[in-house]
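The next block is upload-v2.cif, given as mmCIF, C-alpha atoms.
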```
data_data
loop_
_atom_site.label_atom_id
_atom_site.label_comp_id
_atom_site.auth_asym_id
_atom_site.auth_seq_id
_atom_site.Cartn_x
_atom_site.Cartn_y
_atom_site.Cartn_z
CA MET A 1 -43.96 -60.45 46.65
CA ILE A 2 -42.67 -56.97 45.89
CA LEU A 3 -40.07 -56.50 43.15
CA VAL A 4 -37.65 -53.58 43.29
CA ALA A 5 -36.02 -52.70 39.94
CA VAL A 6 -33.36 -50.10 39.19
CA GLY A 7 -32.48 -51.00 35.60
CA MET A 8 -29.27 -52.48 34.25
CA GLN A 9 -27.30 -49.34 33.38
CA LEU A 10 -26.72 -47.76 36.81
CA GLY A 11 -27.10 -48.55 40.50
CA PHE A 12 -29.68 -46.67 42.57
CA ASP A 13 -28.50 -47.15 46.14
CA ARG A 14 -30.86 -44.52 47.60
CA LEU A 15 -33.88 -46.56 46.49
CA ILE A 16 -32.33 -49.87 47.52
CA ALA A 17 -31.42 -48.52 50.98
CA ALA A 18 -34.93 -47.14 51.52
CA MET A 19 -36.60 -50.39 50.43
CA ASP A 20 -34.22 -52.38 52.63
CA ARG A 21 -35.41 -50.33 55.62
CA LEU A 22 -39.08 -50.81 54.69
CA ALA A 23 -38.87 -54.51 53.77
CA PRO A 24 -39.28 -56.06 57.27
CA ALA A 25 -42.59 -54.23 57.83
CA LEU A 26 -44.10 -55.14 54.45
CA GLY A 27 -45.11 -58.64 55.49
CA MET A 28 -44.12 -60.30 52.21
CA PRO A 29 -40.91 -61.23 50.39
CA VAL A 30 -39.07 -58.43 48.63
CA ILE A 31 -36.70 -59.11 45.73
CA ALA A 32 -34.31 -56.37 44.64
CA GLN A 33 -32.68 -56.12 41.23
CA THR A 34 -29.74 -53.94 42.21
CA GLY A 35 -28.02 -53.36 38.86
CA LYS A 36 -24.60 -51.76 39.26
CA GLY A 37 -25.37 -50.61 42.80
CA THR A 38 -22.85 -51.22 45.58
CA LEU A 39 -25.20 -51.45 48.55
CA VAL A 40 -25.93 -55.01 49.73
CA PRO A 41 -29.45 -55.31 51.19
CA GLN A 42 -29.95 -57.08 54.51
CA HIS A 43 -33.69 -57.69 54.30
CA MET A 44 -34.29 -58.35 50.59
CA GLU A 45 -33.28 -61.13 48.22
CA THR A 46 -30.71 -59.59 45.88
CA ARG A 47 -30.39 -60.15 42.12
CA PRO A 48 -27.85 -57.76 40.56
CA THR A 49 -28.64 -58.74 36.99
CA LEU A 50 -31.65 -60.34 35.38
CA SER A 51 -32.22 -61.42 31.82
CA ALA A 52 -35.28 -59.96 30.11
CA THR A 53 -37.23 -63.22 30.53
CA GLU A 54 -36.20 -63.59 34.20
CA PHE A 55 -37.28 -60.02 34.84
CA GLU A 56 -40.64 -60.54 33.14
CA ALA A 57 -41.18 -63.73 35.19
CA LEU A 58 -40.50 -61.89 38.45
CA VAL A 59 -42.80 -59.02 37.46
CA LYS A 60 -45.48 -61.62 36.76
CA GLN A 61 -45.14 -63.01 40.31
CA ALA A 62 -45.01 -59.61 42.00
CA ARG A 63 -48.02 -57.84 43.46
CA VAL A 64 -46.34 -54.47 43.06
CA VAL A 65 -43.19 -53.25 41.31
CA VAL A 66 -41.12 -50.47 42.90
CA GLY A 67 -38.67 -48.92 40.48
CA HIS A 68 -36.64 -46.02 39.18
CA ALA A 69 -38.61 -43.85 36.77
CA GLY A 70 -37.24 -45.56 33.68
CA ILE A 71 -39.70 -45.97 30.79
CA GLY A 72 -38.58 -49.55 30.12
CA THR A 73 -39.30 -50.63 33.69
CA ILE A 74 -42.65 -48.83 33.67
CA LEU A 75 -43.67 -50.46 30.38
CA THR A 76 -42.70 -53.93 31.64
CA ALA A 77 -44.89 -53.51 34.73
CA SER A 78 -47.72 -52.18 32.58
CA ARG A 79 -47.56 -55.13 30.15
CA GLN A 80 -48.09 -57.49 33.08
CA ASN A 81 -50.91 -55.43 34.60
CA LYS A 82 -48.89 -54.59 37.71
CA PRO A 83 -49.12 -51.30 39.58
CA ILE A 84 -45.74 -49.61 39.82
CA VAL A 85 -44.36 -47.13 42.34
CA ILE A 86 -41.67 -44.99 40.66
CA MET A 87 -39.01 -42.83 42.27
CA PRO A 88 -36.96 -40.54 40.01
CA ARG A 89 -33.18 -40.56 39.83
CA GLN A 90 -31.70 -37.09 40.35
CA ALA A 91 -28.73 -35.67 38.48
CA ALA A 92 -27.81 -33.57 41.54
CA LEU A 93 -27.26 -36.79 43.50
CA ARG A 94 -25.28 -38.27 40.60
CA GLU A 95 -27.92 -40.91 40.05
CA HIS A 96 -28.27 -40.07 36.36
CA ARG A 97 -26.58 -37.78 33.85
CA ASN A 98 -29.66 -35.54 33.54
CA ASP A 99 -33.06 -35.02 35.17
CA HIS A 100 -34.97 -36.89 32.49
CA GLN A 101 -36.68 -39.02 35.17
CA LEU A 102 -38.03 -35.91 36.90
CA ALA A 103 -39.63 -34.98 33.57
CA THR A 104 -40.97 -38.51 33.25
CA ILE A 105 -42.75 -38.40 36.62
CA ARG A 106 -44.20 -34.96 35.81
CA GLY A 107 -45.52 -36.31 32.52
CA LEU A 108 -47.02 -39.43 34.07
CA ALA A 109 -48.63 -37.72 37.09
CA GLY A 110 -52.22 -38.83 37.55
CA ARG A 111 -52.00 -41.92 35.33
CA PRO A 112 -53.78 -44.86 36.97
CA GLY A 113 -51.50 -47.67 38.09
CA ILE A 114 -48.40 -45.46 38.16
CA LEU A 115 -47.76 -44.09 41.64
CA ILE A 116 -45.12 -41.46 42.16
CA ALA A 117 -42.81 -41.24 45.16
CA GLN A 118 -40.93 -37.94 44.80
CA ASP A 119 -38.32 -39.28 47.21
CA GLU A 120 -37.78 -42.11 49.66
CA THR A 121 -40.03 -40.54 52.34
CA GLU A 122 -43.08 -41.22 50.14
CA LEU A 123 -42.33 -44.87 49.36
CA ALA A 124 -44.21 -46.49 52.25
CA VAL A 125 -47.51 -44.71 51.58
CA ARG A 126 -47.28 -45.23 47.79
CA ILE A 127 -46.61 -48.96 48.25
CA GLU A 128 -49.66 -49.22 50.47
CA GLU A 129 -51.75 -47.47 47.80
CA ALA A 130 -50.35 -49.77 45.11
CA LEU A 131 -51.15 -52.90 47.14
CA ALA A 132 -54.70 -51.62 47.63
CA LEU A 133 -55.19 -51.33 43.86
CA GLY A 134 -55.44 -55.09 43.56
CA GLU A 135 -56.42 -56.23 40.07
CA TRP A 136 -55.25 -53.52 37.77
CA SER A 137 -55.16 -53.07 34.02
CA PRO A 138 -53.69 -50.36 31.79
CA SER A 139 -57.14 -50.00 30.21
CA GLN A 140 -58.20 -48.24 33.41
CA SER A 141 -56.20 -45.30 32.15
CA PRO A 142 -58.20 -42.87 29.97
CA THR A 143 -55.13 -42.09 27.86
CA VAL A 144 -54.73 -45.81 27.12
CA ARG A 145 -58.39 -46.24 26.19
CA ASP A 146 -58.16 -43.15 23.96
CA LEU A 147 -55.17 -44.47 22.03
CA HIS A 148 -56.71 -47.88 21.49
CA ALA A 149 -59.96 -46.30 20.29
CA ALA A 150 -58.12 -43.93 17.93
CA LEU A 151 -56.03 -46.80 16.56
CA ALA A 152 -59.10 -48.96 15.95
CA ARG A 153 -60.80 -46.04 14.17
CA PHE A 154 -57.77 -45.42 11.99
CA ILE A 155 -57.53 -49.05 10.92
CA ALA A 156 -61.25 -49.48 10.35
CA ASP A 157 -62.15 -46.12 8.88
CA GLY A 158 -59.05 -44.49 7.51
CA PRO A 159 -57.23 -41.26 8.46
CA SER A 160 -59.32 -38.50 10.11
CA GLN A 161 -57.33 -35.63 8.65
CA GLY A 162 -58.06 -36.34 5.02
CA ARG A 163 -55.70 -37.92 2.56
CA ARG A 164 -52.39 -36.52 1.53
CA GLY A 165 -51.71 -36.24 -2.18
CA GLY A 166 -49.81 -39.01 -3.95
CA MET B 1 -47.02 -55.23 22.45
CA LEU B 2 -49.22 -52.91 24.48
CA LEU B 3 -51.35 -52.24 21.40
CA ARG B 4 -51.87 -55.91 20.60
CA SER B 5 -55.31 -56.15 22.15
CA THR B 6 -56.61 -53.73 19.51
CA LEU B 7 -54.39 -54.86 16.63
CA ASP B 8 -55.49 -58.48 17.04
CA ASP B 9 -59.10 -57.42 16.37
CA PHE B 10 -57.93 -57.02 12.79
CA ASN B 11 -55.94 -59.36 10.59
CA ALA B 12 -52.56 -58.17 11.88
CA HIS B 13 -49.12 -59.24 10.78
CA TYR B 14 -46.12 -58.05 12.78
CA ALA B 15 -42.77 -57.04 11.34
CA THR B 16 -40.15 -57.10 14.08
CA THR B 17 -36.41 -56.98 14.71
CA MET B 18 -36.92 -59.36 17.65
CA ILE B 19 -38.62 -62.40 16.16
CA GLU B 20 -37.93 -64.58 19.25
CA LEU B 21 -39.86 -62.11 21.38
CA ALA B 22 -42.80 -62.31 18.99
CA ARG B 23 -42.80 -66.12 19.14
CA HIS B 24 -42.44 -65.99 22.95
CA HIS B 25 -45.64 -63.95 23.05
CA GLY B 26 -47.44 -66.39 20.78
CA ILE B 27 -47.54 -64.27 17.64
CA ASP B 28 -47.57 -66.59 14.62
CA ALA B 29 -47.92 -63.92 11.93
CA ALA B 30 -44.51 -62.40 12.66
CA HIS B 31 -41.89 -61.46 10.08
CA SER B 32 -38.26 -60.75 10.78
CA LEU B 33 -36.55 -57.50 9.82
CA PRO B 34 -32.88 -56.73 10.43
CA ASP B 35 -32.29 -53.96 12.96
CA CYS B 36 -30.66 -50.77 11.74
CA ASN B 37 -30.11 -47.12 12.63
CA GLN B 38 -28.80 -43.93 11.05
CA GLU B 39 -25.18 -44.73 11.99
CA GLN B 40 -24.96 -47.77 9.72
CA PRO B 41 -26.03 -46.80 6.19
CA LEU B 42 -25.36 -50.18 4.59
CA ARG B 43 -27.37 -52.05 7.20
CA ALA B 44 -30.11 -49.47 6.78
CA LEU B 45 -30.18 -50.16 3.06
CA ALA B 46 -30.45 -53.91 3.69
CA CYS B 47 -33.25 -53.30 6.19
CA ALA B 48 -35.10 -51.00 3.76
CA ALA B 49 -34.88 -53.64 1.04
CA LYS B 50 -36.33 -56.31 3.32
CA ALA B 51 -39.09 -53.98 4.49
CA PHE B 52 -40.05 -53.18 0.91
CA ALA B 53 -40.06 -56.85 -0.08
CA LEU B 54 -42.24 -57.72 2.91
CA VAL B 55 -44.80 -54.97 2.27
CA ARG B 56 -44.87 -55.82 -1.43
CA ARG B 57 -45.56 -59.48 -0.58
CA LEU B 58 -48.20 -58.86 2.10
CA ARG B 59 -49.94 -55.86 0.42
CA PRO B 60 -51.42 -54.59 3.69
CA GLN B 61 -54.28 -52.08 3.67
CA VAL B 62 -52.80 -50.39 6.71
CA VAL B 63 -49.27 -50.02 8.06
CA VAL B 64 -48.81 -48.89 11.68
CA SER B 65 -45.44 -48.35 13.30
CA THR B 66 -44.06 -47.03 16.57
CA GLY B 67 -40.55 -46.88 15.13
CA ALA B 68 -37.72 -46.81 14.85
CA ALA B 69 -35.82 -46.98 11.54
CA PRO B 70 -37.09 -50.40 10.38
CA GLY B 71 -40.62 -49.23 11.19
CA PHE B 72 -40.07 -46.10 9.14
CA PHE B 73 -39.07 -48.18 6.11
CA CYS B 74 -42.29 -50.17 6.46
CA ILE B 75 -44.27 -46.91 6.49
CA LEU B 76 -42.42 -45.70 3.38
CA ALA B 77 -43.05 -48.99 1.61
CA GLY B 78 -46.68 -48.87 2.72
CA ARG B 79 -47.09 -45.44 1.12
CA LEU B 80 -45.61 -46.69 -2.14
CA PHE B 81 -47.87 -49.75 -2.24
CA GLY B 82 -51.07 -47.84 -1.47
CA ALA B 83 -51.59 -48.59 2.22
CA ARG B 84 -52.97 -46.16 4.81
CA THR B 85 -50.03 -45.38 7.06
CA LEU B 86 -49.88 -44.37 10.73
CA TRP B 87 -46.80 -43.47 12.78
CA ILE B 88 -47.17 -43.58 16.58
CA ASP B 89 -43.97 -42.21 18.14
CA SER B 90 -42.70 -44.30 21.06
CA VAL B 91 -43.77 -43.31 24.58
CA ALA B 92 -40.05 -43.24 25.42
CA ASN B 93 -39.73 -40.03 23.33
CA GLN B 94 -41.06 -37.54 25.83
CA GLU B 95 -38.87 -34.54 25.04
CA LYS B 96 -39.02 -34.49 21.28
CA LEU B 97 -40.09 -36.50 18.27
CA SER B 98 -37.60 -39.19 17.24
CA LEU B 99 -35.60 -38.75 14.01
CA SER B 100 -37.56 -41.51 12.27
CA GLY B 101 -40.75 -39.87 13.59
CA TRP B 102 -39.70 -36.57 12.04
CA LEU B 103 -39.15 -38.33 8.72
CA ALA B 104 -42.52 -40.06 9.13
CA LEU B 105 -44.19 -36.63 9.49
CA HIS B 106 -43.44 -36.12 5.80
CA VAL B 107 -44.44 -39.58 4.70
CA ALA B 108 -47.18 -41.14 6.83
CA HIS B 109 -50.85 -40.20 6.44
CA GLU B 110 -51.02 -39.60 10.18
CA CYS B 111 -48.37 -39.09 12.82
CA TRP B 112 -49.14 -39.30 16.54
CA THR B 113 -47.07 -38.53 19.64
CA GLN B 114 -47.83 -40.09 23.02
CA TRP B 115 -47.01 -36.85 24.87
CA PRO B 116 -49.50 -33.98 24.59
CA GLN B 117 -46.88 -31.24 24.89
CA LEU B 118 -45.22 -32.42 21.66
CA ALA B 119 -48.36 -32.23 19.55
CA ASP B 120 -48.55 -29.24 17.21
CA GLY B 121 -52.27 -29.62 16.50
CA GLU B 122 -51.65 -30.05 12.79
CA ARG B 123 -49.35 -32.73 11.48
CA LEU B 124 -48.36 -34.19 14.85
CA ARG B 125 -51.33 -35.17 16.97
CA PHE B 126 -51.86 -36.52 20.49
CA LYS B 127 -54.45 -39.30 20.64
CA GLY B 128 -53.52 -41.00 23.92
CA ALA B 129 -50.69 -43.21 25.13
CA VAL B 130 -49.86 -46.77 26.07
CA LEU B 131 -49.46 -45.65 29.70
#
```
What's the C-alpha coordinates form of this structure?
Amino acid sequence: MILVAVGMQLGFDRLIAAMDRLAPALGMPVIAQTGKGTLVPQHMETRPTLSATEFEALVKQARVVVGHAGIGTILTASRQNKPIVIMPRQAALREHRNDHQLATIRGLAGRPGILIAQDETELAVRIEEALALGEWSPSQSPTVRDLHAALARFIADGPSQGRRGG
Amino acid sequence: MLLRSTLDDFNAHYATTMIELARHHGIDAAHSLPDCNQEQPLRALACAAKAFALVRRLRPQVVVSTGAAPGFFCILAGRLFGARTLWIDSVANQEKLSLSGWLALHVAHECWTQWPQLADGERLRFKGAVL
(Lines of atoms letter the chains of each structure in order from A and count residues from 1; the text may use other names and numbers.)
(Lines give C-alpha, C1' and ligand atoms only; values in the text may rest on other atoms or scores of the structure.)
Protein backbone atom coordinates (compact mmCIF):
# COMPACT_ATOMS: atom_id res chain seq x y z
CA MET A 1 0.00 0.00 0.00
CA ILE A 2 1.18 3.53 -0.70
CA LEU A 3 0.12 6.35 1.61
CA VAL A 4 -0.14 9.91 0.31
CA ALA A 5 -0.06 12.60 3.02
CA VAL A 6 -0.46 16.36 2.67
CA GLY A 7 -0.74 17.40 6.32
CA MET A 8 -3.76 18.77 8.15
CA GLN A 9 -3.28 22.52 7.69
CA LEU A 10 -3.70 22.93 3.92
CA GLY A 11 -4.78 20.98 0.85
CA PHE A 12 -2.22 20.05 -1.81
CA ASP A 13 -4.31 19.33 -4.88
CA ARG A 14 -1.34 19.27 -7.27
CA LEU A 15 0.13 16.28 -5.44
CA ILE A 16 -3.24 14.56 -5.04
CA ALA A 17 -4.04 15.01 -8.76
CA ALA A 18 -0.66 13.63 -9.81
CA MET A 19 -0.94 10.61 -7.51
CA ASP A 20 -4.49 9.98 -8.71
CA ARG A 21 -3.15 9.77 -12.28
CA LEU A 22 -0.32 7.42 -11.24
CA ALA A 23 -2.37 5.19 -8.90
CA PRO A 24 -3.82 2.73 -11.48
CA ALA A 25 -0.34 1.80 -12.74
CA LEU A 26 1.18 1.26 -9.29
CA GLY A 27 -0.30 -2.21 -8.82
CA MET A 28 -1.19 -1.73 -5.15
CA PRO A 29 -3.77 0.17 -3.11
CA VAL A 30 -3.15 3.88 -2.62
CA ILE A 31 -4.66 5.78 0.31
CA ALA A 32 -4.68 9.58 0.20
CA GLN A 33 -4.95 11.85 3.23
CA THR A 34 -6.24 14.93 1.45
CA GLY A 35 -6.41 17.47 4.29
CA LYS A 36 -8.26 20.63 3.29
CA GLY A 37 -7.90 19.87 -0.42
CA THR A 38 -10.91 20.13 -2.71
CA LEU A 39 -9.97 17.57 -5.35
CA VAL A 40 -11.73 14.20 -4.99
CA PRO A 41 -9.52 11.32 -6.21
CA GLN A 42 -10.99 8.71 -8.54
CA HIS A 43 -8.37 6.00 -8.10
CA MET A 44 -7.34 6.31 -4.45
CA GLU A 45 -9.11 5.70 -1.16
CA THR A 46 -9.65 9.14 0.37
CA ARG A 47 -9.26 10.13 4.04
CA PRO A 48 -9.49 13.90 4.51
CA THR A 49 -8.52 13.83 8.17
CA LEU A 50 -6.69 11.31 10.28
CA SER A 51 -5.96 11.30 13.98
CA ALA A 52 -2.31 10.96 14.95
CA THR A 53 -2.76 7.29 15.87
CA GLU A 54 -4.70 6.51 12.67
CA PHE A 55 -1.97 8.19 10.64
CA GLU A 56 0.78 6.24 12.40
CA ALA A 57 -1.14 2.99 11.82
CA LEU A 58 -1.44 3.70 8.08
CA VAL A 59 2.24 4.62 7.83
CA LYS A 60 3.02 1.31 9.51
CA GLN A 61 1.06 -0.58 6.83
CA ALA A 62 2.48 1.40 3.91
CA ARG A 63 5.47 0.32 1.85
CA VAL A 64 6.19 3.90 0.87
CA VAL A 65 4.87 7.30 1.98
CA VAL A 66 4.45 10.08 -0.59
CA GLY A 67 4.04 13.48 1.00
CA HIS A 68 4.43 17.22 1.03
CA ALA A 69 7.82 18.30 2.36
CA GLY A 70 6.57 18.90 5.88
CA ILE A 71 8.97 17.98 8.68
CA GLY A 72 6.22 16.33 10.74
CA THR A 73 5.26 13.99 7.91
CA ILE A 74 8.91 13.19 7.20
CA LEU A 75 9.60 12.42 10.87
CA THR A 76 6.55 10.15 11.11
CA ALA A 77 7.72 8.11 8.11
CA SER A 78 11.22 7.96 9.54
CA ARG A 79 10.03 6.72 12.95
CA GLN A 80 8.35 3.79 11.22
CA ASN A 81 11.34 3.01 8.99
CA LYS A 82 9.47 3.90 5.81
CA PRO A 83 11.05 5.52 2.78
CA ILE A 84 9.32 8.77 1.88
CA VAL A 85 9.03 10.62 -1.42
CA ILE A 86 8.58 14.35 -0.75
CA MET A 87 7.33 17.05 -3.09
CA PRO A 88 7.61 20.68 -1.94
CA ARG A 89 4.70 23.09 -1.76
CA GLN A 90 5.40 26.32 -3.63
CA ALA A 91 4.37 29.79 -2.49
CA ALA A 92 4.07 30.90 -6.13
CA LEU A 93 1.31 28.34 -6.63
CA ARG A 94 -0.35 29.42 -3.38
CA GLU A 95 0.34 26.06 -1.82
CA HIS A 96 2.03 27.60 1.22
CA ARG A 97 2.65 31.08 2.60
CA ASN A 98 6.42 30.85 1.98
CA ASP A 99 8.96 28.58 0.27
CA HIS A 100 10.05 26.89 3.48
CA GLN A 101 9.49 23.46 1.88
CA LEU A 102 11.89 24.29 -0.95
CA ALA A 103 14.51 25.01 1.71
CA THR A 104 13.62 21.74 3.42
CA ILE A 105 14.21 19.65 0.30
CA ARG A 106 17.52 21.45 -0.35
CA GLY A 107 18.61 20.69 3.20
CA LEU A 108 17.60 17.04 3.04
CA ALA A 109 19.07 16.31 -0.41
CA GLY A 110 21.12 13.12 -0.39
CA ARG A 111 19.74 11.75 2.88
CA PRO A 112 19.03 8.02 2.56
CA GLY A 113 15.36 7.09 2.67
CA ILE A 114 14.19 10.59 1.72
CA LEU A 115 13.59 10.88 -2.01
CA ILE A 116 12.91 14.24 -3.55
CA ALA A 117 10.48 14.91 -6.37
CA GLN A 118 10.99 18.55 -7.38
CA ASP A 119 7.58 18.47 -9.03
CA GLU A 120 4.91 16.02 -10.14
CA THR A 121 6.89 14.89 -13.22
CA GLU A 122 9.43 13.19 -10.95
CA LEU A 123 6.96 11.30 -8.76
CA ALA A 124 6.77 8.06 -10.75
CA VAL A 125 10.53 7.47 -10.86
CA ARG A 126 11.01 8.43 -7.18
CA ILE A 127 8.23 6.05 -6.10
CA GLU A 128 9.91 3.25 -8.04
CA GLU A 129 13.22 4.04 -6.29
CA ALA A 130 11.49 4.11 -2.91
CA LEU A 131 9.81 0.74 -3.50
CA ALA A 132 13.18 -0.72 -4.47
CA LEU A 133 14.69 0.36 -1.14
CA GLY A 134 12.81 -2.39 0.65
CA GLU A 135 13.80 -2.72 4.30
CA TRP A 136 15.03 0.67 5.32
CA SER A 137 16.16 2.22 8.57
CA PRO A 138 17.13 5.78 9.52
CA SER A 139 20.42 4.37 10.82
CA GLN A 140 21.44 3.96 7.17
CA SER A 141 21.88 7.70 7.15
CA PRO A 142 25.39 8.87 8.16
CA THR A 143 23.97 12.01 9.79
CA VAL A 144 21.72 9.84 11.96
CA ARG A 145 24.57 7.54 12.98
CA ASP A 146 26.72 10.59 13.77
CA LEU A 147 24.12 12.12 16.08
CA HIS A 148 23.51 8.88 17.95
CA ALA A 149 27.25 8.36 18.40
CA ALA A 150 27.77 11.95 19.60
CA LEU A 151 24.85 11.63 22.02
CA ALA A 152 26.16 8.36 23.44
CA ARG A 153 29.61 9.94 23.89
CA PHE A 154 28.14 12.96 25.64
CA ILE A 155 26.15 10.86 28.08
CA ALA A 156 28.96 8.40 28.78
CA ASP A 157 31.95 10.70 28.77
CA GLY A 158 30.81 14.23 29.37
CA PRO A 159 31.00 17.38 27.20
CA SER A 160 33.79 17.53 24.58
CA GLN A 161 34.25 21.28 24.76
CA GLY A 162 35.33 21.45 28.36
CA ARG A 163 33.21 22.57 31.26
CA ARG A 164 31.69 25.97 31.64
CA GLY A 165 32.26 27.75 34.92
CA GLY A 166 29.64 27.52 37.66
CA MET B 1 11.49 9.40 20.04
CA LEU B 2 14.03 9.05 17.25
CA LEU B 3 16.85 9.16 19.79
CA ARG B 4 15.36 6.46 22.00
CA SER B 5 17.51 3.65 20.67
CA THR B 6 20.59 5.40 22.11
CA LEU B 7 18.93 6.88 25.20
CA ASP B 8 17.62 3.48 26.29
CA ASP B 9 21.21 2.18 26.47
CA PHE B 10 21.43 4.32 29.58
CA ASN B 11 19.10 4.59 32.54
CA ALA B 12 16.81 7.14 30.89
CA HIS B 13 13.79 8.88 32.33
CA TYR B 14 11.63 10.98 30.03
CA ALA B 15 9.96 14.24 30.94
CA THR B 16 7.19 14.99 28.46
CA THR B 17 4.18 17.22 27.85
CA MET B 18 2.47 14.27 26.11
CA ILE B 19 2.43 11.51 28.69
CA GLU B 20 -0.13 9.41 26.74
CA LEU B 21 2.25 9.30 23.80
CA ALA B 22 5.04 8.07 26.06
CA ARG B 23 2.82 5.30 27.46
CA HIS B 24 1.64 4.42 23.93
CA HIS B 25 5.28 3.85 23.00
CA GLY B 26 5.86 1.69 26.06
CA ILE B 27 7.95 4.13 28.08
CA ASP B 28 7.41 3.40 31.78
CA ALA B 29 9.89 5.92 33.17
CA ALA B 30 7.91 8.92 31.89
CA HIS B 31 7.06 12.03 33.88
CA SER B 32 4.46 14.59 32.96
CA LEU B 33 5.23 18.29 32.53
CA PRO B 34 2.65 20.94 31.66
CA ASP B 35 3.14 22.50 28.23
CA CYS B 36 3.99 26.18 28.06
CA ASN B 37 5.43 28.85 25.78
CA GLN B 38 6.63 32.45 25.94
CA GLU B 39 3.12 33.84 25.41
CA GLN B 40 1.79 32.52 28.71
CA PRO B 41 4.06 33.65 31.55
CA LEU B 42 2.01 32.16 34.38
CA ARG B 43 1.85 28.75 32.74
CA ALA B 44 5.57 29.01 32.08
CA LEU B 45 6.17 29.64 35.76
CA ALA B 46 4.08 26.59 36.70
CA CYS B 47 5.98 24.49 34.16
CA ALA B 48 9.35 25.74 35.46
CA ALA B 49 8.35 24.85 39.01
CA LYS B 50 7.38 21.31 38.00
CA ALA B 51 10.57 20.89 35.98
CA PHE B 52 12.69 21.98 38.94
CA ALA B 53 10.84 19.66 41.32
CA LEU B 54 11.29 16.74 38.93
CA VAL B 55 15.02 17.30 38.41
CA ARG B 56 15.52 17.81 42.13
CA ARG B 57 13.75 14.50 42.83
CA LEU B 58 15.49 12.45 40.12
CA ARG B 59 18.99 14.03 40.45
CA PRO B 60 20.05 12.99 36.95
CA GLN B 61 23.72 13.00 35.95
CA VAL B 62 22.76 14.18 32.49
CA VAL B 63 19.88 16.22 31.10
CA VAL B 64 19.25 16.19 27.34
CA SER B 65 16.52 18.17 25.64
CA THR B 66 15.37 18.95 22.12
CA GLY B 67 13.08 21.71 23.38
CA ALA B 68 10.99 23.62 23.61
CA ALA B 69 10.25 25.72 26.71
CA PRO B 70 9.57 22.85 29.15
CA GLY B 71 12.79 21.22 27.93
CA PHE B 72 14.67 24.44 28.55
CA PHE B 73 13.46 24.53 32.16
CA CYS B 74 14.75 20.99 32.64
CA ILE B 75 18.15 22.07 31.29
CA LEU B 76 18.19 25.06 33.65
CA ALA B 77 17.25 22.88 36.60
CA GLY B 78 19.87 20.34 35.53
CA ARG B 79 22.55 23.04 35.62
CA LEU B 80 21.51 24.09 39.10
CA PHE B 81 21.54 20.53 40.42
CA GLY B 82 24.94 19.64 38.95
CA ALA B 83 23.98 17.63 35.88
CA ARG B 84 25.79 17.69 32.53
CA THR B 85 23.38 19.38 30.15
CA LEU B 86 22.91 19.04 26.39
CA TRP B 87 20.51 20.97 24.15
CA ILE B 88 19.77 19.47 20.72
CA ASP B 89 17.66 21.96 18.74
CA SER B 90 14.74 20.35 16.91
CA VAL B 91 15.24 19.28 13.29
CA ALA B 92 12.18 21.40 12.50
CA ASN B 93 14.29 24.54 13.12
CA GLN B 94 16.12 24.71 9.83
CA GLU B 95 16.32 28.47 9.35
CA LYS B 96 17.42 29.59 12.77
CA LEU B 97 17.87 28.43 16.32
CA SER B 98 14.65 28.39 18.36
CA LEU B 99 14.16 30.96 21.14
CA SER B 100 14.55 28.32 23.84
CA GLY B 101 17.64 27.07 21.97
CA TRP B 102 19.09 30.57 22.05
CA LEU B 103 18.50 30.70 25.81
CA ALA B 104 20.04 27.23 26.12
CA LEU B 105 23.21 28.52 24.41
CA HIS B 106 23.85 30.51 27.58
CA VAL B 107 22.93 27.75 29.98
CA ALA B 108 23.64 24.26 28.65
CA HIS B 109 27.13 22.76 28.63
CA GLU B 110 26.67 21.91 24.97
CA CYS B 111 24.22 23.10 22.35
CA TRP B 112 23.76 21.31 19.03
CA THR B 113 21.80 22.18 15.89
CA GLN B 114 20.65 19.53 13.41
CA TRP B 115 21.40 21.78 10.42
CA PRO B 116 25.06 22.36 9.52
CA GLN B 117 24.50 25.85 8.14
CA LEU B 118 23.35 27.07 11.57
CA ALA B 119 26.44 25.90 13.43
CA ASP B 120 28.89 28.65 14.36
CA GLY B 121 31.75 26.28 15.15
CA GLU B 122 31.97 27.52 18.73
CA ARG B 123 28.96 27.46 21.02
CA LEU B 124 26.50 25.98 18.52
CA ARG B 125 27.73 22.75 16.96
CA PHE B 126 26.48 20.35 14.29
CA LYS B 127 26.87 16.70 15.26
CA GLY B 128 24.34 15.04 12.95
CA ALA B 129 20.56 14.85 12.74
CA VAL B 130 17.64 12.53 13.31
CA LEU B 131 17.05 12.44 9.54
Go through B:Gly67, B:Leu99, B:Ala12, B:Ala49 one by one, measure the shortest atom-to-atom distance of each to chain A using all atoms listed in the file, and give the residue with the smallest value.
-> B:Ala12
Please evaluate the PyMOL selection byres ((chain B) within 7 of (chain A)) against the structure above and give the resulting residues as a PyMOL selection string.
-> chain B and resi 2-3+6+62+84+92+109-110+127-131
Could you tell me which residues the PyMOL selection byres ((chain B and resi 35) around 9) returns for this structure, as a ChimeraX atom specification?
-> /B:16-18,33-34,36-37,43-44,47,69-70
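Of the listed residues A:Lys82, A:Lys60, A:Lys36, A:Arg21, the one whose atoms come nearest to Val6 in chain A is A:Lys36, with distances taken using all atoms listed in the file.
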CA of Glu129 in chain A to CA of Leu39 in chain A: how many Å, to one decimal?
-> 26.9 Å
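Counting only C-alpha atoms, Gln118 in chain A has the following residues at most 9 Å away, ignoring those fewer than 5 positions along the same chain: Ile86, Met87, Pro88, Leu102, Ile105 and Leu123 of chain A.
Considering the residues B:Gly26, B:Gly78, B:Pro41, B:Gly101 and counting all atoms listed in the file, Ala53 in chain B has its shortest atom-to-atom contact with B:Gly78.
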